[in-house]
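Below you'll find the structure, written out as structure tokens, and then a few comments.
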Protein chains: 2
Amino acid sequence: MPPSPTQIVEAAPPGDWVGIPADHLLVVDLAPDAAGQARRVIIQLMNGPWSQGWIGNIRKLATAHWWDGTSVNRVQDGYVVQWGDPLGDDKARAKPLPPGLLSVPQGAYTLTAGAAPAFSGPRVADGVYAVAERFYQGWPIATGPGDEPETWPVHCYGSVGVGRDMPPDSGSGAELYAVIGNAPRQLDRNIAVVGRVISGMEWLSSLPRGKGDAGFYQKPGERTAITSIRLGSDVPGLPAWQYLSTDSASFAAYLDARANRRDPFYVRPAGGVDICNVPVPVRVTPAR
Amino acid sequence: MPPSPTQIVEAAPPGDWVGIPADHLLVVDLAPDAAGQARRVIIQLMNGPWSQGWIGNIRKLATAHWWDGTSVNRVQDGYVVQWGDPLGDDKARAKPLPPGLLSVPQGAYTLTAGAAPAFSGPRVADGVYAVAERFYQGWPIATGPGDEPETWPVHCYGSVGVGRDMPPDSGSGAELYAVIGNAPRQLDRNIAVVGRVISGMEWLSSLPRGKGDAGFYQKPGERTAITSIRLGSDVPGLPAWQYLSTDSASFAAYLDARANRRDPFYVRPAGGVDICNVPVPVRVTPAR
């Protein structure tokens, strides 16, 4: 019987898994829910070279404990959950940012040929949003047209990005969002993708939707409090995580199986797959 | 200033809107939530010619009040919410189905040239999942290869389909699901799309995720009770609904604006759009 994508991942040899450094994890602890249930969300920050200006800011914000006591302020169905300072748009009352944050220019939404790495993994598809879409060290990356093409990280379900105001360089990283709907690819190259949720996605995606414009909550009491946000390297006892190398034979087989489902439920394999329908497998590093 | 997609829709003349017959609506009333909030979900059933065998069954099930007292049994993050008889897989204890339901064959997942209608609206994109993707009378439809191509309805966020067991003809329509994640296009041609949620999506998408395999709830108390499911024509006082004609000039402008965002927030228009990123506008019919 042809294996399912999940079975292919479960059979991957240990050497096909890559450890995620603890300081590439962002641990978001929401206040417990009404039943007292703890709500921890773990975000994997992108490894380089994309989006590193904003990610440096995010590390500073986490180290400064800046997010502690902020909140989830916006939940727009089929689109995004957004968190940060609820008064961030009110200059007189906004929470001061820690010193040393960079102002990252619009040009940093993409990398051009010289700065972009060479790809080694399989090509996924030529989509409507890019000339080519591929994975690089575990991340979905799009490539534009031309001899020296731009490359940029792709918005998928669970992607985490940097909220901003109208000026394209106005996002510091203090205001973050996670995608809870169909991949909003129109945001690519317009906002910075800095990571993805790898655990606890349900604590964000199942929050009550906001009734205000763009899903903002209308009353302070509707917001979900953020107890703390820390780098994984600052959370004692946090398990280690791994992702399935997107250059591995196991990933190539997984990608092929996602594009051509042959496990018993399926009667008509699609023959292709959108890059956002190939979530990169992650797991807690197994005990030896 | 270039209009946003929303502004284009708001400016559409009344003649560009098409009334949805009340018996094309399925009104799902979940039990009120813990705060006593009513939770009504409205589904628009596909108009012909696709999926009509299952839709006929759904009309019979609603008219027989068959779903009353059933429940939402499965919520898998990023994938689907599913409802029906929680004991449906247990032949000895399953709720008997009303008489007269059709067994719809696998072949009905697509229509071939003779049975499929001619398209008149704009072509959206040649995606990885189909040779062409277009809208027909308000519905996203994919077209396969060849001289007499198959056509089939597309799974997008909010799409409603017919759950089934392994045999591809085993879905009656009694078990339904709604998509709450990235468009699961691998399901196209493998399960029947019968409609889409047009109101109250948040009551499904924000439900707690199930902890069992495939997101099934493990304890009966975790399920959300369904008070009733009725055809819109059987719900006194239900407002009338309209969709924006996908053959209208307004829709063509809206589609173009979704593919090339020129409203002020955007600095890099995508230059293309996936069909599932073009939700067909719907509204309550305005008072004259």
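So you can find residues: chains in the structure tokens are A, B, ... in the order shown, residues in each start at 1, and ligands are numbered from 1 in order.
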Item checked: Contact set, chain B to chain A: 9 Å, only C-alpha atoms, as number ranges by chain -> B: 77-78, 106, 125-130, 156-158, 165-168, 180-191, 201-203, 205-209, 258-261, 264-274, 276-277
Next item on the list: Excluding stretch 63-66 of chain A and any residue of its chain fewer than 2 positions from it, enumerate the residues within 10 Å of it, using only C-alpha atoms, and give them as an MDAnalysis selection string.
Entry: chainID A and resid 57:61 68:70 84:85 95:99 174 227:231 234
Generate the output file for the selected residues, N, CA, C and O atoms, as a short mmCIF file (atom, residue, chain, number, x, y, z; two decimals), in the first residue's frame.
```cif
data_model
loop_
_atom_site.label_atom_id
_atom_site.label_comp_id
_atom_site.auth_asym_id
_atom_site.auth_seq_id
_atom_site.Cartn_x
_atom_site.Cartn_y
_atom_site.Cartn_z
N ASN A 57 15.54 42.57 15.68
CA ASN A 57 14.67 43.38 16.55
C ASN A 57 13.82 42.49 17.46
O ASN A 57 13.64 42.79 18.66
N ILE A 58 13.29 41.42 16.89
CA ILE A 58 12.43 40.52 17.68
C ILE A 58 13.24 39.90 18.83
O ILE A 58 12.75 39.79 19.96
N ARG A 59 14.47 39.54 18.56
CA ARG A 59 15.31 38.98 19.64
C ARG A 59 15.53 40.03 20.75
O ARG A 59 15.47 39.71 21.94
N LYS A 60 15.74 41.28 20.33
CA LYS A 60 15.91 42.33 21.35
C LYS A 60 14.63 42.54 22.16
O LYS A 60 14.67 42.73 23.38
N LEU A 61 13.50 42.53 21.47
CA LEU A 61 12.22 42.73 22.16
C LEU A 61 11.96 41.60 23.15
O LEU A 61 11.48 41.83 24.27
N ASP A 68 5.75 41.29 27.47
CA ASP A 68 5.04 40.83 28.68
C ASP A 68 3.98 41.86 29.06
O ASP A 68 4.28 43.06 29.19
N GLY A 69 2.76 41.43 29.20
CA GLY A 69 1.67 42.34 29.53
C GLY A 69 1.00 42.97 28.32
O GLY A 69 0.06 43.75 28.49
N THR A 70 1.49 42.67 27.12
CA THR A 70 0.76 43.12 25.93
C THR A 70 -0.36 42.10 25.65
O THR A 70 -0.70 41.29 26.52
N GLY A 84 0.57 42.50 20.15
CA GLY A 84 1.52 43.57 20.44
C GLY A 84 0.89 44.54 21.42
O GLY A 84 -0.01 44.18 22.19
N ASP A 85 1.34 45.79 21.35
CA ASP A 85 0.83 46.83 22.25
C ASP A 85 -0.53 47.30 21.75
O ASP A 85 -0.63 47.84 20.64
N LYS A 95 3.54 51.98 24.40
CA LYS A 95 4.62 51.46 25.25
C LYS A 95 5.96 51.75 24.57
O LYS A 95 6.13 51.40 23.40
N PRO A 96 6.90 52.38 25.27
CA PRO A 96 8.18 52.70 24.62
C PRO A 96 8.90 51.42 24.19
O PRO A 96 8.91 50.43 24.93
N LEU A 97 9.50 51.49 23.02
CA LEU A 97 10.27 50.34 22.52
C LEU A 97 11.65 50.34 23.15
O LEU A 97 12.17 51.40 23.52
N PRO A 98 12.26 49.18 23.26
CA PRO A 98 13.63 49.16 23.80
C PRO A 98 14.58 49.85 22.83
O PRO A 98 14.30 49.96 21.63
N PRO A 99 15.73 50.32 23.34
CA PRO A 99 16.69 51.00 22.45
C PRO A 99 17.36 49.99 21.51
O PRO A 99 17.39 48.79 21.78
N ALA A 174 7.68 44.64 16.66
CA ALA A 174 6.95 44.65 17.93
C ALA A 174 5.49 44.20 17.74
O ALA A 174 4.87 43.67 18.66
N THR A 227 1.28 36.66 28.61
CA THR A 227 2.03 36.60 29.87
C THR A 227 3.50 36.90 29.62
O THR A 227 4.11 37.71 30.32
N SER A 228 4.06 36.24 28.62
CA SER A 228 5.47 36.49 28.29
C SER A 228 5.78 35.99 26.90
O SER A 228 5.12 35.07 26.39
N ILE A 229 6.78 36.59 26.29
CA ILE A 229 7.38 36.08 25.06
C ILE A 229 8.89 36.05 25.29
O ILE A 229 9.49 37.06 25.67
N ARG A 230 9.49 34.87 25.09
CA ARG A 230 10.92 34.69 25.33
C ARG A 230 11.55 33.93 24.17
O ARG A 230 10.90 33.11 23.53
N LEU A 231 12.83 34.19 23.95
CA LEU A 231 13.59 33.29 23.09
C LEU A 231 13.64 31.91 23.74
O LEU A 231 13.72 31.80 24.98
N ASP A 234 16.04 31.16 26.45
CA ASP A 234 15.82 31.74 27.78
C ASP A 234 14.70 31.03 28.54
O ASP A 234 14.23 31.53 29.57
#
```
Next item on the list: Do a neighbour search on B:Val194 at 8 Å with only C-alpha atoms, toss out local chain neighbours closer than 2 positions, and write the hits as a list in words.
Entry: Leu45, Met46, Ser51, Gln52, Trp54, Ile55, Ser159, Val160, Gly161, Val162, Ala192 and Arg196 of chain B
Note to self: DSSP on the backbone, strand (DSSP E) only: what residues of stretch 32-254 of chain B does that give? Format it as number ranges by chain.
What the structure shows: B: 39-45, 71-76, 80-84, 123-125, 132-136, 139-143, 151-153, 159-162, 176-179, 193-199, 224-231, 241-244
The selected residues should be written to file as a PDB file, in the first residue's frame (atoms: C-alpha atoms).
```
ATOM      1  CA  ARG B  39     -24.303  30.780  16.742  1.00  0.00           C
ATOM      2  CA  ARG B  40     -25.894  30.683  13.290  1.00  0.00           C
ATOM      3  CA  VAL B  41     -23.919  29.527  10.256  1.00  0.00           C
ATOM      4  CA  ILE B  42     -25.368  30.057   6.765  1.00  0.00           C
ATOM      5  CA  ILE B  43     -24.193  27.880   3.898  1.00  0.00           C
ATOM      6  CA  GLN B  44     -24.919  28.586   0.248  1.00  0.00           C
ATOM      7  CA  LEU B  45     -25.473  25.343  -1.672  1.00  0.00           C
ATOM      8  CA  SER B  71     -23.070  17.621  16.681  1.00  0.00           C
ATOM      9  CA  VAL B  72     -19.754  18.988  15.502  1.00  0.00           C
ATOM     10  CA  ASN B  73     -17.470  16.011  16.063  1.00  0.00           C
ATOM     11  CA  ARG B  74     -14.159  16.975  14.538  1.00  0.00           C
ATOM     12  CA  VAL B  75     -12.076  20.149  14.375  1.00  0.00           C
ATOM     13  CA  GLN B  76      -8.624  19.659  12.844  1.00  0.00           C
ATOM     14  CA  VAL B  80     -11.668  21.019   8.505  1.00  0.00           C
ATOM     15  CA  VAL B  81     -14.576  21.244  10.935  1.00  0.00           C
ATOM     16  CA  GLN B  82     -16.903  18.265  10.483  1.00  0.00           C
ATOM     17  CA  TRP B  83     -20.424  17.612  11.739  1.00  0.00           C
ATOM     18  CA  GLY B  84     -23.083  14.918  11.664  1.00  0.00           C
ATOM     19  CA  ARG B 123     -10.103  33.297 -16.477  1.00  0.00           C
ATOM     20  CA  VAL B 124      -8.253  33.563 -13.188  1.00  0.00           C
ATOM     21  CA  ALA B 125      -5.088  31.536 -13.498  1.00  0.00           C
ATOM     22  CA  ALA B 132      -7.666  26.620 -16.045  1.00  0.00           C
ATOM     23  CA  GLU B 133      -9.566  28.040 -13.101  1.00  0.00           C
ATOM     24  CA  ARG B 134     -12.619  30.214 -13.544  1.00  0.00           C
ATOM     25  CA  PHE B 135     -15.834  31.286 -11.886  1.00  0.00           C
ATOM     26  CA  TYR B 136     -19.181  30.006 -13.060  1.00  0.00           C
ATOM     27  CA  TRP B 139     -18.466  29.310  -7.973  1.00  0.00           C
ATOM     28  CA  PRO B 140     -14.747  28.569  -8.415  1.00  0.00           C
ATOM     29  CA  ILE B 141     -14.420  25.814 -11.008  1.00  0.00           C
ATOM     30  CA  ALA B 142     -11.307  24.043 -12.288  1.00  0.00           C
ATOM     31  CA  THR B 143     -10.872  22.596 -15.764  1.00  0.00           C
ATOM     32  CA  THR B 151     -14.550  20.358 -14.721  1.00  0.00           C
ATOM     33  CA  TRP B 152     -14.962  20.332 -10.960  1.00  0.00           C
ATOM     34  CA  PRO B 153     -15.668  22.660  -8.051  1.00  0.00           C
ATOM     35  CA  SER B 159     -15.937  25.414   1.210  1.00  0.00           C
ATOM     36  CA  VAL B 160     -18.386  22.792   2.435  1.00  0.00           C
ATOM     37  CA  GLY B 161     -18.026  19.182   1.321  1.00  0.00           C
ATOM     38  CA  VAL B 162     -19.383  15.703   1.868  1.00  0.00           C
ATOM     39  CA  LEU B 176     -20.456  17.528   6.158  1.00  0.00           C
ATOM     40  CA  TYR B 177     -17.256  19.495   6.664  1.00  0.00           C
ATOM     41  CA  ALA B 178     -16.132  23.087   6.186  1.00  0.00           C
ATOM     42  CA  VAL B 179     -12.558  24.047   5.318  1.00  0.00           C
ATOM     43  CA  VAL B 193     -17.874  20.231  -2.766  1.00  0.00           C
ATOM     44  CA  VAL B 194     -21.512  21.148  -2.196  1.00  0.00           C
ATOM     45  CA  GLY B 195     -21.392  24.738  -1.013  1.00  0.00           C
ATOM     46  CA  ARG B 196     -19.656  27.386   1.056  1.00  0.00           C
ATOM     47  CA  VAL B 197     -20.153  29.228   4.303  1.00  0.00           C
ATOM     48  CA  ILE B 198     -21.396  32.771   3.608  1.00  0.00           C
ATOM     49  CA  SER B 199     -22.138  33.888   7.183  1.00  0.00           C
ATOM     50  CA  THR B 224     -20.774  21.250  19.977  1.00  0.00           C
ATOM     51  CA  ALA B 225     -24.465  20.403  19.720  1.00  0.00           C
ATOM     52  CA  ILE B 226     -26.407  21.225  16.559  1.00  0.00           C
ATOM     53  CA  THR B 227     -29.822  22.574  17.451  1.00  0.00           C
ATOM     54  CA  SER B 228     -31.172  22.458  13.907  1.00  0.00           C
ATOM     55  CA  ILE B 229     -30.263  22.556  10.247  1.00  0.00           C
ATOM     56  CA  ARG B 230     -32.935  23.838   7.854  1.00  0.00           C
ATOM     57  CA  LEU B 231     -33.214  24.983   4.286  1.00  0.00           C
ATOM     58  CA  TRP B 241     -28.858  37.063   0.325  1.00  0.00           C
ATOM     59  CA  GLN B 242     -27.120  38.041  -2.900  1.00  0.00           C
ATOM     60  CA  TYR B 243     -23.770  37.311  -4.508  1.00  0.00           C
ATOM     61  CA  LEU B 244     -21.834  39.545  -6.869  1.00  0.00           C
TER      62      LEU B 244
END
```
Next item on the list: Pick out each residue of stretch 12-198 of chain A that DSSP on the backbone tags as helix (DSSP H, G or I); I need them as a ChimeraX atom specification.
Entry: /A:14-16,22-24,52-63,106-109,185-187
Item checked: d(atom CA of A:Thr110, atom CA of A:Trp50) in Å -> 7.3 Å
